[in-house]
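J.: Got a structure for you, my_file03.txt, holding compact mmCIF, C-alpha atoms and all ligand atoms.
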# COMPACT_ATOMS: atom_id res chain seq x y z
CA MET A 177 84.60 105.07 40.31
CA ASN A 178 86.03 106.41 43.59
CA LYS A 179 83.71 108.60 45.65
CA ASN A 180 84.58 112.26 46.20
CA LEU A 181 84.98 113.78 49.69
CA SER A 182 81.38 114.89 50.08
CA GLU A 183 80.10 111.48 48.94
CA LEU A 184 82.42 109.74 51.41
CA ARG A 185 81.14 112.01 54.18
CA SER A 186 77.53 111.24 53.32
CA GLU A 187 78.33 107.53 53.67
CA ILE A 188 79.87 108.27 57.08
CA ASP A 189 76.77 110.32 58.04
CA ARG A 190 74.51 107.44 56.99
CA LEU A 191 76.47 104.96 59.11
CA ASP A 192 76.62 107.36 62.07
CA ARG A 193 72.82 107.64 62.00
CA SER A 194 72.62 103.82 62.18
CA ILE A 195 75.23 103.67 64.96
CA VAL A 196 73.28 106.19 67.09
CA ALA A 197 69.97 104.41 66.39
CA MET A 198 71.56 101.09 67.36
CA ILE A 199 73.08 102.46 70.58
CA ASN A 200 69.64 103.81 71.50
CA GLU A 201 68.06 100.45 70.69
CA ARG A 202 70.74 98.80 72.88
CA TYR A 203 69.94 101.26 75.68
CA GLY A 204 66.26 100.27 75.42
CA TYR A 205 67.30 96.76 76.47
CA VAL A 206 69.76 98.13 79.04
CA ARG A 207 66.87 100.01 80.66
CA GLN A 208 64.94 96.75 80.97
CA VAL A 209 68.03 95.04 82.44
CA GLY A 210 68.16 97.92 84.95
CA GLU A 211 64.50 97.41 85.90
CA TRP A 212 65.15 93.70 86.36
CA LYS A 213 68.18 94.48 88.55
CA HIS A 214 66.20 96.88 90.73
CA ALA A 215 63.38 94.32 91.14
CA ASN A 216 65.91 91.60 92.04
CA ALA A 217 68.28 93.73 94.14
CA SER A 218 71.06 92.84 91.71
CA GLU A 219 74.37 94.65 91.12
CA ILE A 220 74.49 97.41 88.50
CA TYR A 221 78.18 97.08 87.55
CA VAL A 222 78.92 93.51 86.46
CA PRO A 223 82.68 93.20 85.78
CA GLU A 224 82.44 89.55 84.72
CA ARG A 225 79.79 90.39 82.08
CA GLU A 226 81.83 93.35 80.81
CA LYS A 227 84.93 91.17 80.47
CA ALA A 228 83.04 88.44 78.56
CA LEU A 229 81.40 91.01 76.29
CA LEU A 230 84.67 92.77 75.43
CA GLU A 231 86.40 89.47 74.70
CA LYS A 232 83.54 88.40 72.40
CA LEU A 233 83.69 91.73 70.53
CA GLU A 234 87.46 91.52 70.12
CA GLY A 235 86.98 88.02 68.74
CA ILE A 236 84.71 89.26 65.92
CA ASN A 237 86.69 92.43 65.19
CA ASP A 238 88.47 92.09 61.82
CA GLY A 239 89.83 95.68 61.80
CA PRO A 240 90.94 98.23 60.79
CA LEU A 241 89.29 99.17 64.12
CA LYS A 242 91.99 98.55 66.80
CA ASN A 243 90.95 96.46 69.81
CA GLU A 244 92.18 99.25 72.06
CA THR A 245 89.80 101.69 70.33
CA LEU A 246 86.97 99.16 70.46
CA ARG A 247 87.50 98.84 74.22
CA ALA A 248 87.49 102.62 74.71
CA ILE A 249 84.24 102.97 72.71
CA TYR A 250 82.58 100.20 74.70
CA ARG A 251 83.89 101.61 77.97
CA GLU A 252 81.83 104.71 77.24
CA ILE A 253 78.81 102.79 75.90
CA MET A 254 78.75 100.70 79.08
CA SER A 255 79.37 103.77 81.25
CA GLY A 256 76.23 105.33 79.72
CA ALA A 257 74.41 102.04 80.30
CA ILE A 258 75.38 101.98 83.99
CA ALA A 259 74.24 105.59 84.42
CA LEU A 260 70.94 104.76 82.71
CA GLU A 261 70.33 101.86 85.08
CA SER A 262 71.18 103.76 88.28
CA PRO A 263 73.04 106.92 89.36
CA VAL A 264 76.14 105.11 90.66
CA LYS A 265 78.89 106.94 92.56
CA ILE A 266 82.56 106.02 92.44
CA ALA A 267 84.88 107.14 95.25
CA PHE A 268 88.58 107.40 94.46
CA LEU A 269 91.72 108.67 96.17
CA GLY A 270 91.66 112.33 95.16
CA PRO A 271 92.24 114.98 94.19
CA GLU A 272 91.03 114.95 90.61
CA ASN A 273 93.48 114.37 87.75
CA THR A 274 95.66 111.89 89.63
CA PHE A 275 96.45 108.39 88.42
CA SER A 276 93.74 107.05 90.77
CA HIS A 277 91.22 109.28 88.97
CA GLN A 278 92.53 108.02 85.65
CA ALA A 279 92.24 104.39 86.83
CA ALA A 280 88.64 105.00 87.95
CA LEU A 281 87.76 106.63 84.61
CA SER A 282 89.31 103.75 82.70
CA LYS A 283 87.04 101.31 84.55
CA PHE A 284 83.76 103.25 84.78
CA GLY A 285 83.93 105.81 81.93
CA SER A 286 82.71 109.38 81.98
CA SER A 287 78.92 108.99 82.45
CA VAL A 288 78.95 108.05 86.15
CA SER A 289 79.60 110.38 89.11
CA TYR A 290 82.91 110.51 90.93
CA LEU A 291 83.74 111.48 94.50
CA ALA A 292 87.34 112.56 95.17
CA LYS A 293 88.28 111.50 98.73
CA ASN A 294 91.15 112.82 100.85
CA SER A 295 92.53 109.46 101.92
CA ILE A 296 92.42 105.74 101.21
CA ALA A 297 90.57 105.29 104.54
CA GLU A 298 87.85 107.68 103.34
CA VAL A 299 87.40 105.69 100.12
CA PHE A 300 86.85 102.53 102.18
CA GLU A 301 84.52 104.38 104.54
CA ALA A 302 82.42 105.79 101.68
CA VAL A 303 81.88 102.27 100.29
CA ASP A 304 81.40 100.71 103.73
CA ARG A 305 78.68 103.21 104.62
CA GLY A 306 76.98 103.15 101.22
CA LYS A 307 77.88 106.77 100.38
CA ALA A 308 79.61 105.42 97.26
CA ASP A 309 78.71 102.29 95.30
CA TYR A 310 82.31 101.53 94.33
CA GLY A 311 85.76 102.69 95.38
CA VAL A 312 89.07 102.70 93.50
CA VAL A 313 92.28 102.39 95.55
CA PRO A 314 95.95 101.84 94.59
CA ILE A 315 97.36 98.52 95.79
CA GLU A 316 100.82 98.11 94.27
CA ASN A 317 103.32 99.72 91.97
CA SER A 318 105.78 97.66 89.95
CA THR A 319 108.68 99.95 90.99
CA GLU A 320 107.78 101.00 94.52
CA GLY A 321 105.95 97.89 95.78
CA ALA A 322 102.77 97.50 97.81
CA VAL A 323 100.63 100.39 99.02
CA THR A 324 100.70 99.22 102.61
CA TYR A 325 97.98 101.63 103.72
CA THR A 326 95.48 99.92 101.41
CA LEU A 327 96.52 96.47 102.65
CA ASP A 328 95.96 97.55 106.26
CA MET A 329 92.51 98.93 105.42
CA PHE A 330 91.39 95.58 104.01
CA ASN A 331 91.96 93.95 107.34
CA GLN A 332 89.65 96.43 109.06
CA SER A 333 86.89 96.71 106.48
CA GLU A 334 84.13 94.41 105.27
CA VAL A 335 84.17 95.60 101.63
CA SER A 336 85.39 93.17 99.00
CA ILE A 337 87.41 93.45 95.83
CA CYS A 338 85.29 93.18 92.67
CA ALA A 339 87.73 94.22 89.92
CA GLU A 340 91.28 95.35 89.23
CA VAL A 341 92.81 97.95 86.92
CA GLN A 342 96.43 97.85 85.83
CA LEU A 343 97.49 101.28 84.65
CA ALA A 344 100.81 101.78 82.86
CA ALA A 345 101.17 105.13 84.57
CA HIS A 346 103.64 107.33 82.70
CA GLN A 347 105.13 110.29 84.54
CA ASN A 348 105.70 113.59 82.73
CA LEU A 349 107.67 116.73 83.44
CA MET A 350 105.44 119.77 82.96
CA ALA A 351 105.69 123.50 83.50
CA ARG A 352 104.72 126.88 82.11
CA CYS A 353 108.38 127.74 81.49
CA ASP A 354 111.10 126.01 79.47
CA LYS A 355 113.43 123.45 81.07
CA GLU A 356 116.32 125.90 81.65
CA HIS A 357 114.13 128.20 83.77
CA ILE A 358 112.95 125.52 86.22
CA ARG A 359 113.97 126.38 89.82
CA VAL A 360 111.87 123.83 91.76
CA ILE A 361 110.15 120.53 90.96
CA TYR A 362 106.99 119.44 92.80
CA SER A 363 105.53 115.97 93.01
CA HIS A 364 104.26 113.15 95.18
CA PRO A 365 107.14 111.24 96.87
CA GLN A 366 106.31 108.02 94.93
CA ALA A 367 106.34 109.85 91.59
CA LEU A 368 109.69 111.51 92.44
CA ALA A 369 111.08 108.10 93.40
CA GLN A 370 109.90 106.61 90.10
CA CYS A 371 111.81 109.31 88.17
CA ARG A 372 114.94 109.39 90.37
CA LEU A 373 117.42 108.76 87.53
CA TYR A 374 115.81 111.17 85.06
CA LEU A 375 115.72 113.96 87.66
CA HIS A 376 119.28 113.26 88.78
CA ASN A 377 120.62 113.29 85.18
CA ASN A 378 118.64 116.30 83.97
CA PHE A 379 118.07 118.50 87.04
CA PRO A 380 120.81 117.56 89.56
CA LEU A 381 120.76 121.00 91.22
CA VAL A 382 117.04 121.73 91.19
CA PRO A 383 115.37 121.14 94.57
CA GLN A 384 112.52 118.62 94.68
CA VAL A 385 109.55 119.42 96.89
CA GLU A 386 107.19 116.65 97.99
CA VAL A 387 103.48 117.42 97.96
CA ARG A 388 100.47 115.21 98.73
CA SER A 389 99.55 114.33 95.12
CA THR A 390 100.75 114.72 91.55
CA ALA A 391 97.59 116.79 90.89
CA GLU A 392 98.58 119.20 93.68
CA ALA A 393 102.09 119.39 92.14
CA ALA A 394 100.62 120.40 88.77
CA LYS A 395 98.45 123.06 90.46
CA ARG A 396 101.53 124.55 92.15
CA ALA A 397 103.49 124.55 88.88
CA ALA A 398 100.59 126.38 87.22
CA MET A 399 100.91 129.19 89.81
CA ASP A 400 104.67 129.71 89.48
CA ASP A 401 106.66 130.77 86.38
CA HIS A 402 109.74 128.84 87.51
CA ALA A 403 108.21 125.65 88.90
CA ALA A 404 107.70 122.26 87.26
CA ALA A 405 105.69 119.22 88.27
CA VAL A 406 105.99 115.50 87.72
CA ALA A 407 102.44 114.36 87.04
CA SER A 408 99.99 112.78 84.59
CA THR A 409 99.04 114.23 81.20
CA LEU A 410 95.51 114.57 82.64
CA ALA A 411 96.94 117.03 85.21
CA ALA A 412 98.91 118.90 82.51
CA ASP A 413 95.73 119.41 80.47
CA ALA A 414 93.67 120.41 83.51
CA ASN A 415 96.21 123.09 84.53
CA GLY A 416 97.29 124.39 81.13
CA LEU A 417 100.89 123.16 81.52
CA LYS A 418 103.31 122.23 78.73
CA VAL A 419 104.61 118.66 78.82
CA LEU A 420 108.39 119.20 78.53
CA ASP A 421 109.33 115.52 78.66
CA GLY A 422 106.99 112.52 78.56
CA SER A 423 107.38 109.02 80.07
CA ILE A 424 110.25 110.10 82.36
CA GLU A 425 109.90 107.17 84.79
CA ASP A 426 113.13 105.19 85.20
CA ASN A 427 111.34 101.92 84.50
CA SER A 428 109.27 102.26 81.34
CA ARG A 429 107.25 99.22 82.39
CA ASN A 430 106.07 101.06 85.47
CA VAL A 431 102.57 99.75 86.19
CA THR A 432 100.30 100.69 89.08
CA ARG A 433 97.61 98.25 90.05
CA PHE A 434 94.34 99.54 91.48
CA LEU A 435 91.47 97.62 93.03
CA VAL A 436 87.76 98.31 92.74
CA ILE A 437 86.11 97.77 96.11
CA ALA A 438 82.41 97.22 96.67
CA ARG A 439 79.88 95.22 98.61
CA GLN A 440 79.49 92.58 95.91
CA ASN A 441 81.13 89.37 94.71
CA PRO A 442 81.55 88.78 90.95
CA LYS A 443 80.91 85.36 89.44
CA PRO A 444 83.77 83.35 87.85
CA THR A 445 84.91 84.23 84.32
CA GLY A 446 87.51 81.47 83.89
CA GLU A 447 90.33 83.97 84.28
CA ASP A 448 90.07 85.26 87.82
CA LYS A 449 92.21 86.31 90.72
CA THR A 450 91.53 85.86 94.44
CA SER A 451 92.98 88.01 97.23
CA ILE A 452 93.23 86.71 100.79
CA VAL A 453 94.78 87.77 104.07
CA PHE A 454 95.86 85.29 106.75
CA ALA A 455 97.38 85.39 110.23
CA LEU A 456 99.68 82.49 111.07
CA LYS A 457 99.34 80.33 114.17
CA ASP A 458 102.29 80.77 116.52
CA LYS A 459 104.00 77.48 115.63
CA VAL A 460 107.24 76.52 113.95
CA GLY A 461 106.95 76.05 110.18
CA ALA A 462 103.42 77.51 109.85
CA LEU A 463 104.43 79.76 106.94
CA MET A 464 106.21 76.90 105.22
CA GLU A 465 103.06 74.72 105.52
CA CYS A 466 100.96 77.52 103.99
CA LEU A 467 103.32 77.99 101.05
CA THR A 468 103.41 74.23 100.50
CA ALA A 469 99.58 74.22 100.36
CA PHE A 470 99.71 76.59 97.37
CA GLY A 471 102.15 74.28 95.60
CA LYS A 472 100.05 71.19 96.40
CA GLU A 473 96.92 72.74 94.89
CA GLY A 474 98.89 73.99 91.87
CA VAL A 475 97.90 77.59 92.63
CA SER A 476 100.31 80.31 91.49
CA MET A 477 100.65 83.45 93.53
CA SER A 478 100.94 86.84 91.84
CA MET A 479 101.62 88.83 95.03
CA ILE A 480 102.69 88.08 98.59
CA GLU A 481 103.18 90.84 101.10
CA SER A 482 103.57 90.76 104.86
CA ARG A 483 102.40 93.44 107.29
CA PRO A 484 102.80 93.73 111.05
CA ALA A 485 99.59 92.45 112.69
CA LYS A 486 99.69 95.40 115.14
CA THR A 487 98.47 93.10 117.91
CA ARG A 488 101.75 91.79 119.28
CA PRO A 489 105.32 92.59 118.12
CA GLY A 490 106.63 89.91 115.76
CA GLU A 491 103.16 88.87 114.55
CA TYR A 492 102.49 89.28 110.87
CA LEU A 493 99.61 89.19 108.42
CA PHE A 494 100.19 87.84 104.93
CA PHE A 495 98.36 89.24 101.93
CA VAL A 496 98.34 86.93 98.91
CA ASP A 497 96.89 87.23 95.41
CA PHE A 498 96.58 84.07 93.37
CA ASN A 499 94.94 82.79 90.21
CA GLY A 500 91.51 81.22 90.63
CA HIS A 501 88.03 82.01 91.96
CA ARG A 502 86.66 81.39 95.46
CA ASN A 503 84.00 79.10 93.89
CA ASP A 504 86.65 76.80 92.36
CA THR A 505 86.99 73.49 94.22
CA HIS A 506 90.80 73.68 94.34
CA VAL A 507 90.63 77.21 95.81
CA GLN A 508 88.20 76.03 98.49
CA GLU A 509 90.52 73.12 99.28
CA LEU A 510 93.48 75.50 99.46
CA ILE A 511 91.66 77.75 101.92
CA GLU A 512 90.67 74.76 104.09
CA GLU A 513 94.33 73.68 104.17
CA LEU A 514 95.50 77.21 105.06
CA GLN A 515 92.95 77.37 107.89
CA LYS A 516 94.76 74.46 109.58
CA HIS A 517 97.91 76.58 109.96
CA CYS A 518 96.33 80.00 110.49
CA LEU A 519 94.46 81.85 113.20
CA TYR A 520 92.20 83.07 110.45
CA VAL A 521 91.99 83.32 106.66
CA LYS A 522 89.85 86.10 105.17
CA THR A 523 88.92 86.15 101.49
CA LEU A 524 89.05 89.74 100.28
CA GLY A 525 87.49 88.98 96.90
CA SER A 526 87.54 87.01 93.66
CA TYR A 527 87.44 89.14 90.53
CA PRO A 528 88.24 89.05 86.79
CA CYS A 529 91.94 89.49 85.89
CA GLY A 530 92.38 92.99 84.49
CA LEU A 531 94.17 94.02 81.32
CA SER A 532 96.99 96.53 81.49
CA ILE A 533 95.89 99.98 80.27
CA SER A 534 98.25 102.77 79.24
CA ASN A 535 97.64 106.42 80.10
CA ASP A 536 99.29 107.69 76.90
O1 LIG B 601 74.40 93.09 81.33
C1 LIG B 601 74.20 93.87 82.26
O2 LIG B 601 74.08 93.50 83.44
C2 LIG B 601 74.11 95.32 82.00
O3 LIG B 601 73.81 96.07 82.91
C3 LIG B 601 74.50 95.86 80.67
C4 LIG B 601 75.95 96.32 80.60
C5 LIG B 601 76.22 96.67 79.10
O4 LIG B 601 76.07 97.83 78.75
O5 LIG B 601 76.49 95.75 78.34
C6 LIG B 601 76.16 97.49 81.46
C7 LIG B 601 76.80 97.44 82.67
C8 LIG B 601 77.32 96.23 83.26
O6 LIG B 601 78.47 96.43 84.00
C9 LIG B 601 77.46 95.16 82.26
C10 LIG B 601 76.85 95.22 81.04
In C-alpha cells, what does this structure look like?
Ligand SMILES: O=C(O)C(=O)C[C@]1(C(=O)O)C=C[C@@H](O)C=C1
T.:
Amino acid sequence: MNKNLSELRSEIDRLDRSIVAMINERYGYVRQVGEWKHANASEIYVPEREKALLEKLEGINDGPLKNETLRAIYREIMSGAIALESPVKIAFLGPENTFSHQAALSKFGSSVSYLAKNSIAEVFEAVDRGKADYGVVPIENSTEGAVTYTLDMFNQSEVSICAEVQLAAHQNLMARCDKEHIRVIYSHPQALAQCRLYLHNNFPLVPQVEVRSTAEAAKRAAMDDHAAAVASTLAADANGLKVLDGSIEDNSRNVTRFLVIARQNPKPTGEDKTSIVFALKDKVGALMECLTAFGKEGVSMSMIESRPAKTRPGEYLFFVDFNGHRNDTHVQELIEELQKHCLYVKTLGSYPCGLSISND
C-alpha cells in the first residue's frame, strides 16, 4: 500500500539523518587529509581531484537526481571540506554580486571567505603577496573578446593559473518601477554592449549611463524610482529589485571565462588546458614558424590574442591557450620548438578544462 504524507516524510527524515551522519564521517577523513596537507605543505584546493571526483559521481548517478544538482551539492560539501582544512581566502574583482563574485562562488562555494578587490591588479597583488590564497579574474567574453587588462597582468606577475570557470552570464533588466517608468539605465559598459540590440529595440530613447560594475548599477537603481540596471540576478536579489526581463543579452550563448590564479600547479587530469605567453624574435616569419609548431605537434589552440609588448612600438606578445598539460611530452616539445623563434615563452599554467555553468 502507498505511504501517506507523514510516512513519506519520516522516510525522508530517516535518510536525512544518514546523509548528515555520512557527511560528518566524510569530514572526519577530510580533517585527516587537511592534517596531512599541513604536515606536507600541500595545496588545500585540488582542482584535479575535484574534477575526477565529480566525474566519478556523475558516472554512478542513475537519477532522478540531475547531474547539475549533484554538482551543486558537492560544490558545497567540498567548500565545507576546504574550510575545515584551512581558512582559505578568495580574492575576486569586486564589488560583491557581480559575475566575478558569482564565478568565484561557483568554484569555491559558500563556506570559504571572499575578498572583493577594486581592480584586477589588486586581485593579482593579493595572491602574489599571500593576502589571498586564490584569485578569480575575468579573461574573455564570447561576445566582447579578451579582457586585455588581465592578459597584461599575467606578464607582470608570477602567479599561475590553476583552474577556469566558464559562466553563461545572463544579463537582466531590473528596477523598482515598471518598464514604462524607466528614465535612465545604468550598467557596466561591457554589459550594455552585450545587450545593445535589446536596449535599442525596447528603450531607444532612454539614456544609458556607464558605471564601474553591474553591482554598482543595481545599487543605483535601488535608490531611484525611475532608474533601471542591467545586472545579474544575484544583484537583483541583493538590492530588492524586480527582474523586468531576463536573459536580455543579444547573444544567448554569451559566456564569460574566468581564471583561478594561485601559487600552485595542478597535476594532469587527462583533459587539461595550458596557457602561455610568448614574445617573438624580430625576424621574418617568426609567427608563422610558431603557428606551424602547433600544427606539427597536433595541438589545438582555443584562444590566441596579441597585445602590444609596451617595450618598443610594433612589438607584440601573444597569449595562447591550448589543449594539453605542461607535463605532456608533446607540450614540452612544442614549447622547445617555440623557444627557437621567441625571445621568451612563459607558461602561465596548466589546469583542468572547466565545464560551462549557467547563472540562471
Ligand atoms: O582530496 C583532497 O585533497 C581534499 O582536500 C578533499 C576534497 C573533498 O572534499 O573531496 C576537498 C577539497 C579539495 O579541493 C579536493 C577534495
J.: Would you pick out the contacts of stretch 438-442 of chain A at 9 Å or less, using all atoms listed in the file, so that residues sharing its chain but fewer than 2 positions from it are not included, and give the list as an NGL selection string?
T.: :A and (219 or 222-224 or 300 or 303-304 or 306 or 308-311 or 334-339 or 436 or 444-445 or 525-528)
J.: Within 10 Å of ligand LIG 601 (chain B), counting only C-alpha atoms and all ligand atoms: which residues, as a CSV table (one decimal) with C-alpha atoms, keeping the file's coordinate frame?
T.:
chain,number,residue,atom,x,y,z
A,199,ILE,CA,73.1,102.5,70.6
A,202,ARG,CA,70.7,98.8,72.9
A,203,TYR,CA,69.9,101.3,75.7
A,205,TYR,CA,67.3,96.8,76.5
A,206,VAL,CA,69.8,98.1,79.0
A,207,ARG,CA,66.9,100.0,80.7
A,208,GLN,CA,64.9,96.8,81.0
A,209,VAL,CA,68.0,95.0,82.4
A,210,GLY,CA,68.2,97.9,85.0
A,211,GLU,CA,64.5,97.4,85.9
A,212,TRP,CA,65.2,93.7,86.4
A,213,LYS,CA,68.2,94.5,88.6
A,218,SER,CA,71.1,92.8,91.7
A,219,GLU,CA,74.4,94.6,91.1
A,220,ILE,CA,74.5,97.4,88.5
A,221,TYR,CA,78.2,97.1,87.6
A,222,VAL,CA,78.9,93.5,86.5
A,223,PRO,CA,82.7,93.2,85.8
A,224,GLU,CA,82.4,89.6,84.7
A,225,ARG,CA,79.8,90.4,82.1
A,226,GLU,CA,81.8,93.4,80.8
A,227,LYS,CA,84.9,91.2,80.5
A,228,ALA,CA,83.0,88.4,78.6
A,229,LEU,CA,81.4,91.0,76.3
A,230,LEU,CA,84.7,92.8,75.4
A,250,TYR,CA,82.6,100.2,74.7
A,251,ARG,CA,83.9,101.6,78.0
A,252,GLU,CA,81.8,104.7,77.2
A,253,ILE,CA,78.8,102.8,75.9
A,254,MET,CA,78.8,100.7,79.1
A,255,SER,CA,79.4,103.8,81.2
A,256,GLY,CA,76.2,105.3,79.7
A,257,ALA,CA,74.4,102.0,80.3
A,258,ILE,CA,75.4,102.0,84.0
A,259,ALA,CA,74.2,105.6,84.4
A,260,LEU,CA,70.9,104.8,82.7
A,261,GLU,CA,70.3,101.9,85.1
A,262,SER,CA,71.2,103.8,88.3
A,283,LYS,CA,87.0,101.3,84.6
A,284,PHE,CA,83.8,103.2,84.8
J.: To one decimal in Å, tell me the separation between atom CA of A:Leu493 and atom CA of A:Glu512.
T.: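 According to the coordinates, atom CA of A:Leu493 and atom CA of A:Glu512 are separated by 17.5 Å.
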J.: Which residue gives the smallest distance to A:Ile266 among A:Ala485, A:Val299, A:Leu327, A:Leu463, with only C-alpha atoms counted?
T.: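 Ranked by minimum distance to A:Ile266, first place goes to A:Val299.
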J.: Using only C-alpha atoms, which residues sit within 7 Å of stretch 315-323 of chain A once same-chain residues fewer than 4 positions away are excluded, as a PyMOL selection string?
T.: chain A and resi 327+370+430-435
J.: I need the residues from that last selection saved to file as a PDB file, in the frame of the given file (with C-alpha atoms), if you can.
T.:
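Writing done, so here's again-v2.pdb:
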ATOM      1  CA  LEU A 327      96.520  96.470 102.650  1.00  0.00           C
ATOM      2  CA  GLN A 370     109.900 106.610  90.100  1.00  0.00           C
ATOM      3  CA  ASN A 430     106.070 101.060  85.470  1.00  0.00           C
ATOM      4  CA  VAL A 431     102.570  99.750  86.190  1.00  0.00           C
ATOM      5  CA  THR A 432     100.300 100.690  89.080  1.00  0.00           C
ATOM      6  CA  ARG A 433      97.610  98.250  90.050  1.00  0.00           C
ATOM      7  CA  PHE A 434      94.340  99.540  91.480  1.00  0.00           C
ATOM      8  CA  LEU A 435      91.470  97.620  93.030  1.00  0.00           C
TER       9      LEU A 435
END
J.: Atom CA of A:Asp497 to atom CA of A:Val312: how many Å, to one decimal?
T.: 17.4 Å
J.: If I wrap all listed atoms of stretch 224-229 of chain A in a box with edges along x, y and z and add 3 Å on each side, what are its centre and edge lengths in Å to one decimal, as JSON?
T.:
{"center_x": 82.4, "center_y": 90.9, "center_z": 80.5, "size_x": 11.1, "size_y": 10.9, "size_z": 14.4}
J.: From the list A:Asp448, A:Glu301, A:Asp400, A:Glu340, which residue is nearest A:Ile361 when using only C-alpha atoms?
T.: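 Selected residue with least distance to A:Ile361: A:Asp400.
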J.: Report, in Å with one decimal, the straight-line distance from atom CA of A:Ala405 to atom CA of A:Leu373.
T.: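 If I compute the distance from atom CA of A:Ala405 to atom CA of A:Leu373, I get 15.7 Å.
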J.: Which residues are close to A:His364, i.e. within 7 Å by only C-alpha atoms, leaving aside same-chain residues fewer than 3 positions away? Reply as a CSV table (one decimal) with C-alpha atoms, in the frame of the given file.
T.:
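Contents of selection.csv, freshly written:
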chain,number,residue,atom,x,y,z
A,367,ALA,CA,106.3,109.8,91.6
A,368,LEU,CA,109.7,111.5,92.4
A,386,GLU,CA,107.2,116.6,98.0
A,387,VAL,CA,103.5,117.4,98.0
A,388,ARG,CA,100.5,115.2,98.7
A,389,SER,CA,99.6,114.3,95.1
A,390,THR,CA,100.8,114.7,91.6
